[in-house]
Amino acid sequence: NHPDDNVRLTGGESYFEVQTRLKSFINDVYQKYHDKTIFITIHGMLFIILHGIMLNYKTSELTKINKYVVRGCSLSEVEYDGKEFKIKYIGDDSHLKSSEIITYK
């Protein structure tokens with residue numbers, strides 16, 4: 001509930017380390033496939049952290065993304081030019097039937 005750059009599970013990566021790894025991944029993929037459409041499958045905290053990077057959020061602001069967390073299966077579409085992200089949409093689940101949407105209460 002209170003993300004911080006140095007928070008980590010025992011033996012796991014910190015938010016900062018995951019962000020660094022994801023930024024490196026994005027740059028590597030962009031360098032290799034800048035002229036292609038890339039499909040990335042992620043879930044859970046990586047969804048939140050990756051979208052936080054795209055939105056240029058500080059780690060402490062990642063809770064703003066929680067409302068977009070997958071409720072079955074969602075899609076996000078983003079354009080990237082090697083410097084900036086242009087987000088078309090985040091967490092669209094309009095393709096799901098109501099019986100397929102997972103709710104957490």
# chains A, B, ... in the order shown; residues from 1 in each chain; ligands from 1
>>> residues_around(residues="Leu50 of chain A", least_positions_apart="4", cutoff="9 Å", atoms="only C-alpha atoms", output="short mmCIF file (atom, residue, chain, number, x, y, z; two decimals) with C-alpha atoms, in the first residue's frame")
data_model
loop_
_atom_site.label_atom_id
_atom_site.label_comp_id
_atom_site.auth_asym_id
_atom_site.auth_seq_id
_atom_site.Cartn_x
_atom_site.Cartn_y
_atom_site.Cartn_z
CA GLN A 19 12.17 -0.71 -12.60
CA LEU A 22 12.20 -3.31 -17.00
CA LYS A 23 13.69 -0.11 -18.42
CA ILE A 42 2.68 -9.58 -17.84
CA MET A 45 3.12 -6.19 -9.83
CA LEU A 46 4.99 -6.12 -13.15
CA MET A 54 5.27 4.41 -18.99
CA LEU A 55 3.35 7.06 -17.04
#
>>> residues_around(residues="Val7 of chain A", least_positions_apart="3", cutoff="12 Å", atoms="only C-alpha atoms", output="list of chain:residue names")
A:Asn1, A:His2, A:Pro3, A:Asp4, A:Thr10, A:Gly11, A:Gly12, A:Glu13, A:Ser14, A:Tyr15, A:Phe16, A:Glu17, A:Val18, A:Thr59, A:Ser60
>>> residues_around(residues="segment 25-31 of chain A", least_positions_apart="3", cutoff="12 Å", atoms="only C-alpha atoms", output="list of chain:residue names")
A:Val18, A:Gln19, A:Thr20, A:Arg21, A:Leu22, A:His34, A:Asp35, A:Lys36, A:Thr37, A:Ile38, A:Phe39, A:Ile40, A:Leu50, A:His51, A:Ile53, A:Met54, A:Glu79, A:Tyr80, A:Asp81, A:Gly82, A:Lys83, A:Glu84, A:Phe85
>>> select_by_dssp(residues="chain A", states="helix (DSSP H, G or I)", output="ChimeraX atom specification")
/A:15-33,44-54,59-68,98-100
>>> closest_residue(among="A:Asn56, A:Glu100, A:Glu77, A:Asn6", to="Thr41 of chain A", atoms="only C-alpha atoms")
A:Glu77
>>> residues_around(residues="Leu62 of chain A", least_positions_apart="5", cutoff="8 Å", atoms="only C-alpha atoms", output="list in words")
Pro3, Ile48, Ile49, Gly52 and Tyr57 of chain A
>>> write_last_selection(atoms="N, CA and C atoms", output="JSON list (two decimals), in the first residue's frame")
[["chain", "number", "residue", "atom", "x", "y", "z"],
["A", 3, "PRO", "N", 4.26, 1.86, -1.67],
["A", 3, "PRO", "CA", 5.47, 1.46, -2.40],
["A", 3, "PRO", "C", 6.61, 2.47, -2.21],
["A", 48, "ILE", "N", 1.80, -3.24, -12.82],
["A", 48, "ILE", "CA", 1.78, -1.94, -12.15],
["A", 48, "ILE", "C", 3.09, -1.19, -12.37],
["A", 49, "ILE", "N", 4.21, -1.88, -12.20],
["A", 49, "ILE", "CA", 5.50, -1.22, -12.33],
["A", 49, "ILE", "C", 5.76, -0.79, -13.78],
["A", 52, "GLY", "N", 3.69, 2.15, -14.53],
["A", 52, "GLY", "CA", 4.25, 3.29, -13.80],
["A", 52, "GLY", "C", 5.41, 3.91, -14.55],
["A", 57, "TYR", "N", 5.62, 7.73, -13.41],
["A", 57, "TYR", "CA", 5.25, 7.88, -12.01],
["A", 57, "TYR", "C", 6.45, 7.58, -11.11]]
>>> atom_distance(atom1="atom CA of Cys73 of chain A", atom2="atom CA of Lys97 of chain A")
10.8 Å
>>> atom_distance(atom1="atom CA of Ser74 of chain A", atom2="atom CA of Glu61 of chain A")
21.2 Å
>>> atom_distance(atom1="atom CA of Ser24 of chain A", atom2="atom CA of Val78 of chain A")
17.1 Å
>>> select_by_dssp(residues="segment 8-90 of chain A", states="strand (DSSP E)", output="list in words")
Leu75, Ser76, Glu77, Val78, Glu79, Tyr80, Phe85, Lys86, Ile87, Lys88, Tyr89 and Ile90 of chain A
>>> residues_around(residues="Asp92 of chain A", least_positions_apart="2", cutoff="6 Å", atoms="only C-alpha atoms", output="list of chain:residue names")
A:Ser74, A:Leu75, A:Ile90, A:Ser94
>>> closest_residue(among="A:Lys32, A:Lys58, A:Arg8, A:Lys88", to="Ser76 of chain A", atoms="only C-alpha atoms")
A:Lys88
